[in-house]
>>> print(open('entry.cif').read())   # mmCIF, C-alpha atoms
data_model
loop_
_atom_site.label_atom_id
_atom_site.label_comp_id
_atom_site.auth_asym_id
_atom_site.auth_seq_id
_atom_site.Cartn_x
_atom_site.Cartn_y
_atom_site.Cartn_z
CA MET A 1 0.00 0.00 0.00
CA LEU A 2 1.46 3.35 -1.00
CA PHE A 3 -0.26 5.52 1.61
CA LYS A 4 -1.59 4.12 4.84
CA GLN A 5 -2.83 7.53 5.89
CA ALA A 6 -2.33 11.19 5.22
CA VAL A 7 -2.29 13.62 8.12
CA LEU A 8 -2.86 17.33 7.89
CA CYS A 9 -2.13 19.32 11.03
CA ARG A 10 -0.14 22.19 12.40
CA CYS A 11 3.51 21.18 12.25
CA LYS A 12 4.33 22.62 15.66
CA GLU A 13 1.56 20.55 17.21
CA PHE A 14 2.19 17.24 15.42
CA PRO A 15 1.01 14.40 17.68
CA GLU A 16 3.92 12.00 18.21
CA GLU A 17 1.58 9.01 18.46
CA LEU A 18 0.80 9.44 14.75
CA LEU A 19 4.41 8.51 13.94
CA LYS A 20 3.95 4.93 15.13
CA ASP A 21 4.49 2.47 12.25
CA VAL A 22 5.19 5.30 9.76
CA ASP A 23 7.78 4.53 7.07
CA ALA A 24 8.14 7.97 5.48
CA ILE A 25 7.14 11.60 5.80
CA VAL A 26 6.86 14.04 2.89
CA TYR A 27 7.08 17.51 4.42
CA LEU A 28 5.14 19.97 2.26
CA ALA A 29 4.46 22.68 4.83
CA ALA A 30 6.32 25.79 3.74
CA ILE A 31 6.07 29.39 2.76
CA SER A 32 7.28 28.93 -0.76
CA ASN A 33 7.97 32.20 -2.48
CA ASP A 34 10.66 34.78 -1.87
CA PRO A 35 8.42 37.88 -1.52
CA MET A 36 6.34 36.19 1.20
CA GLY A 37 9.43 34.84 2.92
CA ASN A 38 11.02 38.27 2.90
CA LYS A 39 7.90 39.97 4.23
CA TYR A 40 7.28 37.40 6.98
CA GLU A 41 10.80 36.30 7.89
CA ALA A 42 10.06 35.07 11.42
CA VAL A 43 7.06 32.97 10.36
CA THR A 44 8.95 31.61 7.35
CA LEU A 45 11.87 30.56 9.55
CA ASP A 46 9.47 28.95 12.01
CA ILE A 47 7.58 26.93 9.39
CA ASN A 48 10.27 26.22 6.80
CA TYR A 49 13.06 25.43 9.25
CA ARG A 50 12.18 25.04 12.92
CA SER A 51 8.98 23.04 12.44
CA ALA A 52 10.57 20.81 9.81
CA VAL A 53 13.56 20.05 12.04
CA ALA A 54 11.35 19.42 15.07
CA LEU A 55 9.21 16.96 13.11
CA ALA A 56 12.27 15.26 11.62
CA ILE A 57 13.71 14.76 15.12
CA LYS A 58 10.42 13.28 16.35
CA ALA A 59 10.24 11.08 13.25
CA LYS A 60 13.77 9.77 13.72
CA ALA A 61 13.10 8.98 17.38
CA ALA A 62 9.95 7.10 16.32
CA GLY A 63 11.87 5.02 13.78
CA VAL A 64 10.61 6.70 10.60
CA ARG A 65 13.06 5.66 7.88
CA SER A 66 12.63 8.49 5.39
CA PHE A 67 11.94 12.22 5.68
CA VAL A 68 11.51 14.10 2.40
CA PHE A 69 11.65 17.89 2.55
CA ALA A 70 10.08 19.40 -0.58
CA SER A 71 11.96 22.41 -1.83
CA SER A 72 11.32 25.13 -4.40
CA CYS A 73 13.03 26.99 -7.18
CA SER A 74 14.26 29.41 -4.51
CA THR A 75 16.81 26.77 -3.60
CA TYR A 76 17.90 25.73 -7.10
CA GLY A 77 17.18 28.86 -9.09
CA PHE A 78 15.09 29.25 -12.23
CA ALA A 79 15.79 26.68 -14.96
CA GLU A 80 15.61 28.30 -18.37
CA GLU A 81 16.32 25.31 -20.62
CA GLN A 82 15.71 22.10 -18.67
CA ALA A 83 14.69 20.83 -15.28
CA MET A 84 17.34 21.21 -12.61
CA THR A 85 18.54 18.46 -10.31
CA GLU A 86 20.69 18.41 -7.20
CA SER A 87 23.74 17.74 -9.39
CA SER A 88 23.05 20.67 -11.80
CA PRO A 89 25.77 23.33 -11.92
#
>>> encode(input="entry.cif", output="structure tokens")
Amino acid sequence: MLFKQAVLCRCKEFPEELLKDVDAIVYLAAISNDPMGNKYEAVTLDINYRSAVALAIKAKAAGVRSFVFASSCSTYGFAEEQAMTESSP
């Protein structure tokens, strides 16, 4: 089974008991564009960094094997000709 369950909740209040028997987490909670991140720096840092790290620590302690943090073009830059990868120059 690909997904046993999907959970939507506030990252800072993630119930640890939901991590029992979880194999992977795909972290999609983020403020994703530069103008918003610049305007709301404290909230962006809290959601995009602190909450992600806190959940990753809880997940590791619970035995979750994989934690995927979705990123954006803000990390890799705009690709003009082809899709970028982590090994792109």
>>> atom_distance(input="entry.cif", atom1="atom CA of Asp23 of chain A", atom2="atom CA of Ser66 of chain A")
6.5 Å
>>> atom_distance(input="entry.cif", atom1="atom CA of Tyr40 of chain A", atom2="atom CA of Lys58 of chain A")
26.1 Å
>>> resolve_selection(input="entry.cif", expression="the PyMOL selection byres ((chain A and resi 59) around 12)", output="JSON, numbers by chain")
{"A": [14, 15, 16, 17, 18, 19, 20, 21, 22, 23, 24, 25, 26, 27, 52, 53, 54, 55, 56, 57, 58, 60, 61, 62, 63, 64, 65, 66, 67, 68]}
>>> residues_around(input="entry.cif", residues="Ala30 of chain A", least_positions_apart="2", cutoff="7 Å", atoms="only C-alpha atoms", output="number ranges by chain")
A: 28, 32, 47-48
>>> atom_distance(input="entry.cif", atom1="atom CA of Ala70 of chain A", atom2="atom CA of Ala29 of chain A")
8.5 Å
>>> closest_residue(input="entry.cif", among="A:Glu80, A:Thr85, A:Met36, A:Phe69", to="Ser51 of chain A", atoms="all atoms listed in the file")
A:Phe69
>>> closest_residue(input="entry.cif", among="A:Pro35, A:Ser88, A:Gln82, A:Lys12", to="Tyr49 of chain A", atoms="only C-alpha atoms")
A:Lys12
